[in-house]
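Beneath this line is the structure, given in structure tokens, with notes to follow.
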Amino acid sequence: MAVQKNESKILVFGGTGYIGSYIVKASIKFGHPTYVFSRPNSNKTEVLDQLQSVGAIIVKGTMDEHEKLVSLLREVDVVISALAYPQVLDQLKIIEAIKVAGNIKRFLPSDFGVEEDRVSVLPPFEAFLEKKRKIRRAVEAANIPYTFVSANCNGAYFVNFLLHPHEQKEEIITVYGSGEAKAVLVYEEDIGVFTIKVATDPRACNRVVIYRPAAYLISQRELISLWEKKTGRSLNKVHVPEEEMVTLSESLPDPENIPISILHSVFVKGVTVQFELEDDDFEASASYPDLKVTTVDELLDKFMTNPPKPASAAFA
């Protein structure tokens with residue numbers, strides 16, 4: 001799409017990361033002048049080159065360069081943070097810079113996982129989410145216009161994690177708990193598109209937005225069954241009981257105890273669908289009915305033809 005002179009200028013922190021790169025590409029697709037803040041010593045040169053080649057403006061700097069951050073913020077309208085978990089509290093520096101700049105129309109902090117204000121999870125995951133809640137509360141206290149995004153689970157990431165589709169040998173598939181709990185698996189390209197839409201939508205200002213279309217809801221058992229039908233293979237399934245997962249969450253050292261706690265919360269307790277959506281909830285697919293979403297079935301078709309590469313990103 002051609003850039004329109006009235007399109008919001010968008011700055012993305014963590015734009016070279018797993019979900020961040022999808023957000024950057026969607027922003028450019030919708031015609032927004034798009035800036036990516038990157039560390040001077042970043043080793044993600046290939047990703048940076050790719051983003052620059054499609055139109056991203058790369059700005060080098062660190063979170064400690066307050067004046068540089070303020071100056072950059074004064075050049076844009078919307079700020080989206082997709083910083084990885086270890087950097088979550090660095091967003092306090094972004095918030096301070098936004099307060100000084102005084103012109104930002106919307107800030108989306110690095111959520112993009114479960115709806116942290118409405119779920120109950122195991123202690124290691126709870127500590128993980130508490131850092132994200134701290135950022136939400138700081139944004140609210142600073143009276144910064146915000147949109148908090150609950151994108152639930154990265155679809156391609158979890159298909160890779162659960163099914164190992166790149167493995168050609170006879171595969172043992174791990175099933176967490178009974179495998180019957182529903183989870184919300186959202187294709188990453190859809191997350192990017194929805195995020196840019198809500199970032200500039202007045203209806204989403206100062207609200208939580210949840211990505212939960214019916215096309216994304218699926219259990220592990222259903223996912224495995226779909227994959228078996230598409231591949232013609234019968235997979236060897238090994239169940240990990242809930243009690244074992246809880247024990248591991250208590251015995252593994254930090255941060256190794258976080259992934260098993262997330263898996264327990266999502267695939268045993270079903271926290272992504274644990275609460276009912278209410279009339280005043282902003283659900284993305286219902287708010288943009290003209291946007292076609294990628295169903296889980298269609299996502300698996302992509303893995304049959306041109307499988308997305310596995311990622312090492314954290315999944316929350």
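Chain lettering (A, B, ...) mirrors the order of the structure tokens, residue numbering begins at 1 for each chain separately, and ligand numbering begins at 1 in order of display.
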Leu72 (chain A) environment, 9 Å, only C-alpha atoms, sequence neighbours closer than 4 positions dropped, as a tab-separated table (two decimals) with all heavy atoms, in the first residue's frame:
chain	number	residue	atom	x	y	z
A	11	LEU	N	6.30	3.69	15.99
A	11	LEU	CA	7.62	3.28	16.47
A	11	LEU	C	7.47	1.94	17.19
A	11	LEU	O	6.61	1.80	18.07
A	11	LEU	CB	8.18	4.33	17.44
A	11	LEU	CG	9.43	3.94	18.26
A	11	LEU	CD1	10.62	3.67	17.35
A	11	LEU	CD2	9.75	5.06	19.26
A	59	VAL	N	16.37	2.85	13.73
A	59	VAL	CA	16.97	3.85	14.61
A	59	VAL	C	17.79	3.10	15.67
A	59	VAL	O	17.25	2.26	16.40
A	59	VAL	CB	15.91	4.72	15.30
A	59	VAL	CG1	16.57	5.75	16.20
A	59	VAL	CG2	15.02	5.40	14.27
A	67	GLU	N	17.33	11.19	26.45
A	67	GLU	CA	17.10	12.34	25.56
A	67	GLU	C	16.87	11.88	24.13
A	67	GLU	O	16.04	12.45	23.40
A	67	GLU	CB	18.28	13.31	25.63
A	67	GLU	CG	18.44	14.00	26.98
A	67	GLU	CD	17.19	14.77	27.38
A	67	GLU	OE1	16.53	15.34	26.47
A	67	GLU	OE2	16.85	14.79	28.58
A	68	LYS	N	17.60	10.85	23.72
A	68	LYS	CA	17.43	10.32	22.37
A	68	LYS	C	16.04	9.71	22.21
A	68	LYS	O	15.37	9.89	21.18
A	68	LYS	CB	18.50	9.27	22.07
A	68	LYS	CG	18.48	8.75	20.64
A	68	LYS	CD	19.71	7.91	20.35
A	68	LYS	CE	19.80	7.60	18.86
A	68	LYS	NZ	21.07	6.92	18.51
A	76	VAL	N	6.99	10.64	16.29
A	76	VAL	CA	6.02	9.61	15.95
A	76	VAL	C	4.71	9.85	16.69
A	76	VAL	O	4.60	10.75	17.53
A	76	VAL	CB	6.57	8.20	16.28
A	76	VAL	CG1	7.86	7.95	15.51
A	76	VAL	CG2	6.78	8.00	17.77
A	101	ALA	N	7.94	13.50	26.42
A	101	ALA	CA	7.65	13.88	25.03
A	101	ALA	C	6.27	14.53	24.92
A	101	ALA	O	6.11	15.55	24.23
A	101	ALA	CB	7.73	12.65	24.12
Excluding Ser42 (chain A) and its own-chain neighbours fewer than 4 positions away, which residues fall within 12 Å of it when counting only C-alpha atoms? Please give them as a PDB file with C-alpha atoms, in the first residue's frame.
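The new file selection22.pdb reads:
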ATOM      1  CA  GLY A  14      11.527  -5.154  19.886  1.00  0.00           C
ATOM      2  CA  GLY A  15      10.778  -5.013  16.171  1.00  0.00           C
ATOM      3  CA  THR A  16      13.476  -7.556  15.326  1.00  0.00           C
ATOM      4  CA  GLY A  17      12.036 -10.085  17.786  1.00  0.00           C
ATOM      5  CA  PHE A  37      14.401   0.943  17.616  1.00  0.00           C
ATOM      6  CA  SER A  38      17.414  -1.361  17.709  1.00  0.00           C
ATOM      7  CA  GLU A  46      19.691 -10.174   8.697  1.00  0.00           C
ATOM      8  CA  VAL A  47      16.314  -9.283  10.224  1.00  0.00           C
ATOM      9  CA  LEU A  48      17.196  -5.576  10.280  1.00  0.00           C
ATOM     10  CA  ASP A  49      18.230  -5.710   6.606  1.00  0.00           C
ATOM     11  CA  ILE A  58      15.973   1.680  11.650  1.00  0.00           C
ATOM     12  CA  VAL A  59      16.975   3.846  14.610  1.00  0.00           C
ATOM     13  CA  LYS A  60      19.954   2.714  16.690  1.00  0.00           C
ATOM     14  CA  GLY A  61      20.055   3.415  20.390  1.00  0.00           C
ATOM     15  CA  THR A  62      19.744   2.072  23.924  1.00  0.00           C
TER      16      THR A  62
END
Quiz item: Quick one: residues within 10 Å of Glu171 (chain A), only C-alpha atoms counted, chain neighbours fewer than 5 positions away excluded, as a ChimeraX atom specification?
Solution: /A:163-165,233-237
Quiz item: So, counting only C-alpha atoms, which residue among A:His66, A:His264, A:Arg106, A:Arg118 is closest to Val198 (chain A)?
Solution: A:Arg106
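Minimum distance to Ile104 (chain A) across A:Ile172, A:Val119, A:Ile10, A:Ala26 (counting only C-alpha atoms) occurs at A:Ile10.
Ranking A:Gly270, A:Glu256, A:Thr305, A:Cys205 by their shortest atom-to-atom distance to Ser178 (chain A), with only C-alpha atoms included, puts A:Gly270 first.
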